[in-house]
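Peer 1: Sharing a structure with you now.
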Number of protein chains: 2
Amino acid sequence: MESIKNKIINICKSSVKASQYLSKTKNTERNKALKLIAKKIIKNKDHILVQNKKDLAIAKKSGLSKPLIDRLLLDESRILNLSKDVLNIAKLEDPIGKILNSRTRPNGLKISKITVPLGLIAVIFESRPNVASDVAALCIKSRNAVILKGGKEAKFTTESIIRIIKKGLEEANIDNRVVSSLNDYSRTSVNILLKMDKYIDVLVPRGGKSLIENVRKNSTIPIFSHLDGICHTYIDKYAKESTAVDVTYNAKMRRTSICGATETILCHKEAAKKILPKLLDKLVKNNCLVKGNSKLKKINPKVVLAKKEDWATEYLDAIVSIKVVGTIEEAINHINVYSSGHTDAIITESSSAAKKFLNRVDSAIVMHNTSTQFADGAEFGLGAEIGISTGKLHARGPVSTTELTTYKYIVQGKGQLRK
Amino acid sequence: MESIKNKIINICKSSVKASQYLSKTKNTERNKALKLIAKKIIKNKDHILVQNKKDLAIAKKSGLSKPLIDRLLLDESRILNLSKDVLNIAKLEDPIGKILNSRTRPNGLKISKITVPLGLIAVIFESRPNVASDVAALCIKSRNAVILKGGKEAKFTTESIIRIIKKGLEEANIDNRVVSSLNDYSRTSVNILLKMDKYIDVLVPRGGKSLIENVRKNSTIPIFSHLDGICHTYIDKYAKESTAVDVTYNAKMRRTSICGATETILCHKEAAKKILPKLLDKLVKNNCLVKGNSKLKKINPKVVLAKKEDWATEYLDAIVSIKVVGTIEEAINHINVYSSGHTDAIITESSSAAKKFLNRVDSAIVMHNTSTQFADGAEFGLGAEIGISTGKLHARGPVSTTELTTYKYIVQGKGQLRK
C-alpha cells in the first residue's frame with residue numbers, strides 16, 4: 001500500500017512539472033504533437049487491434065455483459081475515428097490566453113481577465129478505449145497535464161494507446177510526462193488517487209454509478225461528473241406528427257446505451273390520440289419495452305404498467321416510460337423533478353411553447369425539435385468531450401477544451417496606492 | 001435538533017420557490033428593489049446604529065479582540081458605504097441571458113450557450129455587517145435566492161439590515177423570501193445547512209480558518225472559499241526605488257487585517273542595498289514587526305529572525321516576513337510554493353521581468369507596480385464581492401454577479417435526427 005502511494009505521488013509530481021513545462025509551449029507545437037499522434041494511431045492500428053483482442057478474450061472469459069463488450073470492442077473504423085477525433089481537436093482554436101474582459105479603472109489600473117490552464121487533470125474511466133485518446137488530446141490542446149486511470153477490462157488496449165500518445169509527444173519534442181497512465185488497476189490505487197488534492201486540480205470520473213458514487217464520497221479533489229442521463233422528450237400539443245414520431249424514436253432508439261438517450265416520453269393529452277398509436281407501434285415493433293398506465297395499454301396491448309420508480313430510472317436499454325400530461329406546465333414540472341439535469345427536449349411547432357420550455361427547464365442542455373441523442377461534444381462542434389457535466393459549477397454540459405481552463409486576473413499599474 | 005432541521009428545510013424550500021419566481025423578474029424590477037433598499041438603509045441608519053451598539057456592547061463584555069470589534073463597528077460613513085455598494089450593484093449590467101456563444105452546425109442545429117442563475121446560494125459569514133447587504137444585493141441582481149447565516153457577534157446588526165432588505169423587496173413587489181436569514185446562531189444549524197445539497201447550489205463561507213475548515217470538511221454542497229491570503233510583493237532588480245517603497249508599504253500597512261494585505265516581501269539582492277534600508281525604516285517606524293535573516297538584522301536592528309513557518313503564515317497584522325532572493329526565478333518559485341494563490345505583485349520597470357512574473361505566478365490575481373490591497377471586487381469595478389476565491393474551479397478571484405451565474409445550452413432544430 002505504502003509503495004503504491006509513493007508511486008502515485010511520484011506520478012503526480014512529475015505530472016505537475018510536465019504541466020508547468022506544457023504551459024510554456026506554443027499552440028503550433030501542441031498541434032504538431034496531436035497530428036503526429038493521429039498519424040501514429042492509424043500506423044499502429046494492427047498493434048492496437050491485437051491488444052484489444054487480448055482484452056476481449058479476457059472479457060468474454062470472465063462473462064462481461066454484451067453492452068460492456070461492445071463498448072470495449074475496437075475495429076478498423078473505430079480506430080479511424082479515434083484518430084479523426086484527435087485531428088479535430090488539433091483544429092480547435094487555442095483556449096488559453098483568451099482575454100475574457102479588460103477594463104481600465106478611473107485610477108488608471110488596467111485589469112484583464114485571461115484564460116489559463118487548470119493544471120493537472122485526472123480521469124478515471126471504465127471500458128471505452130476512445131476515452132484515453134480523446135481525453136489526452138483535449139488536455140494537450142488546453143495545456144493541462146493528465147493522469148489516466150482506465151478500467152481493468154480495457155487494460156491492454158488503453159496502455160497501447162497511451163504508449164502511442166507518449167511517442168507522438170516525444171517526436172514533437174514535448175515532455176511525454178504530460179500524459180501518464182496510473183498503470184495500476186486496483187481499487188486501492190483509485191482510492192489513493194482521490195486524495196491527491198495537493199497535485200490534482202480536477203478529477204473526472206467517467207463510468208457507472210458505483211464508480212461515480214465512490215469518487216463523490218471519497219474524493220478530496222473537486223470533480224466534474226454526471227451521475228445519470230435521465231433525459232426527456234416532451235411531445236407538445238402543437239407538435240407536428242412526423243417530427244414527433246421520428247425525433248422521439250431516434251432520441252430513444254438510435255443507441256440506447258448512451259447518456260443522451262431519452263428515457264421518458266411525455267405527451268400532451270391533445271397530441272396523444274394522434275401521435276401515440278404510431279409512436280408506440282414503431283417502438284414495440286422494434287423491441288422497445290414501453291411502460292405506462294392502463295390508458296396507454298389500451299392503445300397498445302404490449303405496454304406494461306409503469307411503477308413510480310420508473311420516472312427516476314435511467315434504463316440505458318430498449319425500455320421507455322411514457323406519461324400523458326394535461327399541460328406544458330405539468331411536463332416542465334415533471335422534468336424539473338425527475339430529470340437528472342442532462343438533456344431534455346420539446347417537440348412543438350409553437351414558438352411560445354418552445355420558449356417557455358427552453359427557459360423553464362433547468363437542465364444543462366434543452367432542445368427544440370431535435371433528438372436528445374445530439375447531446376455530445378463532437379456534435380456540438382467542440383471536437384470531443386471528456387464527459388457531459390450535470391453539475392452547475394464551472395462546467396455544465398459537454399466538457400471540452402474551454403471547460404479545462406480557468407482564468408487569472410492581471411492588474412497593471414504605475415505605482416498606484418490604495419487609499 | 002429535529003425541529004431546527006425542519007425549520008431549515010422549510011427555509012430552503014421557500015427559497016427555492018422564490019428563486020424560481022425571481023428568475024422570471026425583469027432587470028428593471030430588480031434594480032428598482034435595489035434602489036429602494038439603498039434608500040431605506042440611509043433612512044433607517046439610526047435604527048441600524050442602535051442595533052449595532054447592542055452587538056458592540058455584548059462584544060466588549062465578552063472580550064472580543066480589537067480587530068474583530070473594528071470589523072463589527074458601524075458608523076454613519078460606513079452605513080453610507082453599505083448603501084452606495086447596493087446602488088453600484090444596481091448599476092451593473094444584467095449578468096443573465098448573455099449569449100456566451102452561438103453556432104450553427106453543418107446539419108442546421110443552432111446551438112447557443114447562455115447564462116442563467118445558479119439558483120440558491122447560502123453564505124455563512126462572521127462579524128462584518130456589510131456582508132449581509134453586499135451579498136443580498138449581488139444575489140438579487142443575478143436572480144439567485146440567498147440564505148444568510150451571519151455571525152452571532154453581529155446578530156442585531158445583521159437582522160436589522162436583512163429586515164430592511166426584505167421591506168425593499170416587498171415595496172418593489174418582489175417575493176421577499178428571495179433573501180432569508182437562518183436566524184439561528186448555533187453551530188448545529190450551520191452543520192445542518194451544510195447538508196442541504198438537495199436545495200442549495202453553492203455555499204460561500206466567509207470568515208476565519210476554523211469556519212472554512214469546518215465547511216470544507218462537512219459540506220455536501222460545492223463551495224467557493226478562500227482559505228488564506230498569503231500575498232507577496234516582489235521587488236525586482238529593476239524596481240524604481242520610490243515605487244518599491246511606497247507600493248510595498250501600502251500593500252502591507254494600509255489595512256493589515258484584509259486578505260489582500262501583503263504578508264511576505266521578496267527583494268532581489270541587487271535592489272536590496274538601495275531599497276531595503278528605506279523600506280525597513282518606514283515599516284519599523286510605523287510599528288510593523290519585520291521578520292528576516294541575520295543580514296536583514298544588520299540593515300535594521302529591530303528585525304527579528306524569521307522561522308521557516310513564517311513563509312507560510314497569514315499574519316493579518318502589522319507583521320511582515322522579508323526574504324532576499326538571487327533571481328526572479330527564485331522569487332517565482334518561492335511564491336508558487338508558499339502563496340495561497342490569492343494575490344501576488346511584482347515591482348519592476350522591466351517589461352520582460354513583469355511578463356515573466358505575470359505568466360508564471362499561478363495565483364488568482366497577479367499585479368505589476370501596484371498594491372496587493374487593490375484585490376477587491378469593488379476596486380475591480382465589479383460592484384462588490386461575496387469574497388475572493390483562491391480555488392480554480394468556476395470562480396477565481398473576486399466573486400461577484402458573473403460568478404453567481406452558470407449557463408445552459410439551447411439547441412434549436414427542425415426535426416434533425418442523429419445518424
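Each chain in the C-alpha cells gets a letter, A, B, ..., in the order shown, and its residues are numbered from 1; ligands are numbered from 1 in order too.
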Against chain A, which residues of chain B fall within 7 Å? For each one I want the closest pair of atoms and the distance in Å (one decimal), counting only C-alpha atoms, rows by chain and increasing residue number, as CSV.

Peer 2:
residue,atom,partner,partner_atom,distance
B:Leu118,CA,A:Lys392,CA,6.9
B:Thr243,CA,A:Gly415,CA,5.4
B:Val247,CA,A:Leu417,CA,6.0
B:Asn250,CA,A:Leu417,CA,6.2
B:Leu358,CA,A:Ile410,CA,6.9
B:Ser363,CA,A:Lys408,CA,6.9
B:Ala364,CA,A:Lys408,CA,4.9
B:Ile365,CA,A:Tyr409,CA,4.6
B:Val366,CA,A:Ile410,CA,5.1
B:Met367,CA,A:Val411,CA,4.6
B:His368,CA,A:Gln412,CA,4.9
B:Asn369,CA,A:Gly415,CA,5.0
B:Thr370,CA,A:Gly415,CA,5.0
B:Ser371,CA,A:Leu417,CA,5.9
B:Gln373,CA,A:Arg418,CA,6.5
B:Phe374,CA,A:Arg418,CA,6.2
B:Lys392,CA,A:Thr406,CA,6.1
B:Leu393,CA,A:His394,CA,5.7
B:His394,CA,A:His394,CA,3.8
B:Arg396,CA,A:Tyr407,CA,6.9
B:Thr406,CA,A:Lys392,CA,6.1
B:Tyr407,CA,A:Arg396,CA,6.9
B:Lys408,CA,A:Ala364,CA,4.9
B:Tyr409,CA,A:Ile365,CA,4.6
B:Ile410,CA,A:Val366,CA,5.1
B:Val411,CA,A:Met367,CA,4.6
B:Gln412,CA,A:His368,CA,4.9
B:Gly413,CA,A:Asn369,CA,5.1
B:Lys414,CA,A:Asn369,CA,5.5
B:Gly415,CA,A:Thr370,CA,5.0
B:Gln416,CA,A:Thr370,CA,5.3
B:Leu417,CA,A:Ser371,CA,5.8
B:Arg418,CA,A:Phe374,CA,6.2

Peer 1: Would you list, as a count of residues only, the residues of region 30-249 of chain A that end up in alpha helix (DSSP H) under DSSP run on this structure's backbone?

Peer 2: 109

Peer 1: Might you pull out every residue within 12 Å of Leu283 (chain B), with only C-alpha atoms counted and same-chain residues fewer than 4 positions away left off, and present them as a ChimeraX atom specification?

Peer 2: /B:245-246,248-254,265,276-279,287-291,300,302-303,318-322

Peer 1: Could you name the residues that touch Gly383 (chain B) at 9 Å or less, counting only C-alpha atoms, but leaving out those on the same chain fewer than 3 positions away, as number ranges by chain?

Peer 2: B: 85-92, 134, 138, 377-380, 400-401

Peer 1: For Ser219 (chain B), please output as a ChimeraX atom specification all residues within 9 Å (counting only C-alpha atoms; exclusion window: fewer than 6 positions along the same chain).

Peer 2: /B:191,193-197,203

Peer 1: Quick one, how far is CA of Ser83 (chain A) from CA of Asn144 (chain A)?

Peer 2: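 According to the coordinates, CA of Ser83 (chain A) and CA of Asn144 (chain A) are separated by 20.1 Å.
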
Peer 1: Please, what distance in Å, to one decimal, runs between CA of Lys98 (chain B) and CA of Lys166 (chain B)?

Peer 2: 27.8 Å

Peer 1: Could you write out, as a list in words, all the residues of region 29-113 of chain A that DSSP marks as strand (DSSP E)?

Peer 2: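 Restricting region 29-113 of chain A to strand (DSSP E) produces Ile99, Leu100, Asn101, Ser102, Arg103, Thr104, Lys110, Ile111, Ser112 and Lys113 of chain A.
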
Peer 1: Take the residues from that selection and write them out as a PDB file, in the first residue's frame, keeping C-alpha atoms.

Peer 2:
ATOM      1  CA  ILE A  99      -8.843  37.896 -22.843  1.00  0.00           C
ATOM      2  CA  LEU A 100     -12.295  37.382 -21.302  1.00  0.00           C
ATOM      3  CA  ASN A 101     -12.519  41.044 -20.462  1.00  0.00           C
ATOM      4  CA  SER A 102     -10.299  44.012 -19.840  1.00  0.00           C
ATOM      5  CA  ARG A 103     -11.030  47.387 -18.275  1.00  0.00           C
ATOM      6  CA  THR A 104      -9.139  50.453 -17.167  1.00  0.00           C
ATOM      7  CA  LYS A 110      -5.672  48.073 -16.143  1.00  0.00           C
ATOM      8  CA  ILE A 111      -7.438  44.864 -15.155  1.00  0.00           C
ATOM      9  CA  SER A 112      -7.564  41.910 -17.574  1.00  0.00           C
ATOM     10  CA  LYS A 113      -9.131  38.525 -17.058  1.00  0.00           C
TER      11      LYS A 113
END

Peer 1: Pick from A:Ile386, A:Ala306, A:Glu170, A:Ser350: nearest to Val135 (chain A), with only C-alpha atoms counted?

Peer 2: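 With only C-alpha atoms as the atom set, the closest residue is A:Ile386.
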
Peer 1: What's the 10 Å shell around Ile230 (chain B), counting only C-alpha atoms, without same-chain residues fewer than 4 positions away, as an MDAnalysis selection string?

Peer 2: chainID B and resid 259:264 311:316 335 338:344

Peer 1: Could you please take those selected residues and save N, CA and C atoms as an mmCIF file, in the first residue's frame?

Peer 2:
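Full text of result_23.cif as output:
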data_model
loop_
_atom_site.group_PDB
_atom_site.id
_atom_site.type_symbol
_atom_site.label_atom_id
_atom_site.label_comp_id
_atom_site.auth_asym_id
_atom_site.auth_seq_id
_atom_site.Cartn_x
_atom_site.Cartn_y
_atom_site.Cartn_z
ATOM 1 N N CYS B 259 -7.597 40.341 3.487
ATOM 2 C CA CYS B 259 -6.933 39.189 2.871
ATOM 3 C C CYS B 259 -5.958 39.604 1.774
ATOM 4 N N GLY B 260 -6.117 40.814 1.201
ATOM 5 C CA GLY B 260 -5.209 41.274 0.151
ATOM 6 C C GLY B 260 -3.942 41.939 0.693
ATOM 7 N N ALA B 261 -3.784 41.993 2.008
ATOM 8 C CA ALA B 261 -2.573 42.600 2.581
ATOM 9 C C ALA B 261 -1.369 41.707 2.305
ATOM 10 N N THR B 262 -0.252 42.316 1.913
ATOM 11 C CA THR B 262 0.978 41.548 1.679
ATOM 12 C C THR B 262 1.508 40.999 3.002
ATOM 13 N N GLU B 263 1.897 39.732 2.985
ATOM 14 C CA GLU B 263 2.425 39.113 4.209
ATOM 15 C C GLU B 263 3.918 38.840 4.086
ATOM 16 N N THR B 264 4.397 38.684 2.853
ATOM 17 C CA THR B 264 5.826 38.439 2.632
ATOM 18 C C THR B 264 6.336 39.356 1.524
ATOM 19 N N TRP B 311 7.099 31.816 6.392
ATOM 20 C CA TRP B 311 6.807 31.924 4.952
ATOM 21 C C TRP B 311 5.407 31.386 4.616
ATOM 22 N N ALA B 312 4.830 30.627 5.539
ATOM 23 C CA ALA B 312 3.506 30.057 5.285
ATOM 24 C C ALA B 312 2.457 30.668 6.216
ATOM 25 N N THR B 313 2.746 31.865 6.752
ATOM 26 C CA THR B 313 1.837 32.449 7.741
ATOM 27 C C THR B 313 1.112 33.675 7.191
ATOM 28 N N GLU B 314 -0.211 33.693 7.422
ATOM 29 C CA GLU B 314 -1.006 34.880 7.124
ATOM 30 C C GLU B 314 -1.145 35.642 8.446
ATOM 31 N N TYR B 315 -0.396 36.744 8.591
ATOM 32 C CA TYR B 315 -0.397 37.445 9.885
ATOM 33 C C TYR B 315 -1.693 38.227 10.113
ATOM 34 N N LEU B 316 -2.225 38.843 9.086
ATOM 35 C CA LEU B 316 -3.390 39.739 9.213
ATOM 36 C C LEU B 316 -3.142 40.775 10.293
ATOM 37 N N ILE B 335 7.058 31.969 -4.429
ATOM 38 C CA ILE B 335 5.626 32.298 -4.438
ATOM 39 C C ILE B 335 4.786 31.084 -4.802
ATOM 40 N N TYR B 338 4.702 29.001 -1.556
ATOM 41 C CA TYR B 338 4.104 29.499 -0.310
ATOM 42 C C TYR B 338 2.846 30.348 -0.484
ATOM 43 N N SER B 339 2.616 30.900 -1.667
ATOM 44 C CA SER B 339 1.446 31.747 -1.850
ATOM 45 C C SER B 339 0.173 30.925 -1.690
ATOM 46 N N SER B 340 -0.864 31.551 -1.181
ATOM 47 C CA SER B 340 -2.140 30.844 -1.099
ATOM 48 C C SER B 340 -2.906 30.981 -2.407
ATOM 49 N N GLY B 341 -2.278 31.583 -3.428
ATOM 50 C CA GLY B 341 -2.938 31.693 -4.732
ATOM 51 C C GLY B 341 -3.952 32.813 -4.778
ATOM 52 N N HIS B 342 -3.827 33.773 -3.886
ATOM 53 C CA HIS B 342 -4.766 34.907 -3.820
ATOM 54 C C HIS B 342 -4.234 36.036 -4.704
ATOM 55 N N THR B 343 -3.248 36.790 -4.223
ATOM 56 C CA THR B 343 -2.737 37.935 -4.977
ATOM 57 C C THR B 343 -1.236 38.082 -4.749
ATOM 58 N N ASP B 344 -0.497 38.250 -5.841
ATOM 59 C CA ASP B 344 0.946 38.453 -5.729
ATOM 60 C C ASP B 344 1.386 39.506 -6.735
#

Peer 1: Between CA of Ser19 (chain A) and CA of Ile37 (chain A), measure the distance and give it in Å to one decimal.

Peer 2: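 Between CA of Ser19 (chain A) and CA of Ile37 (chain A) the gap works out to 18.6 Å.
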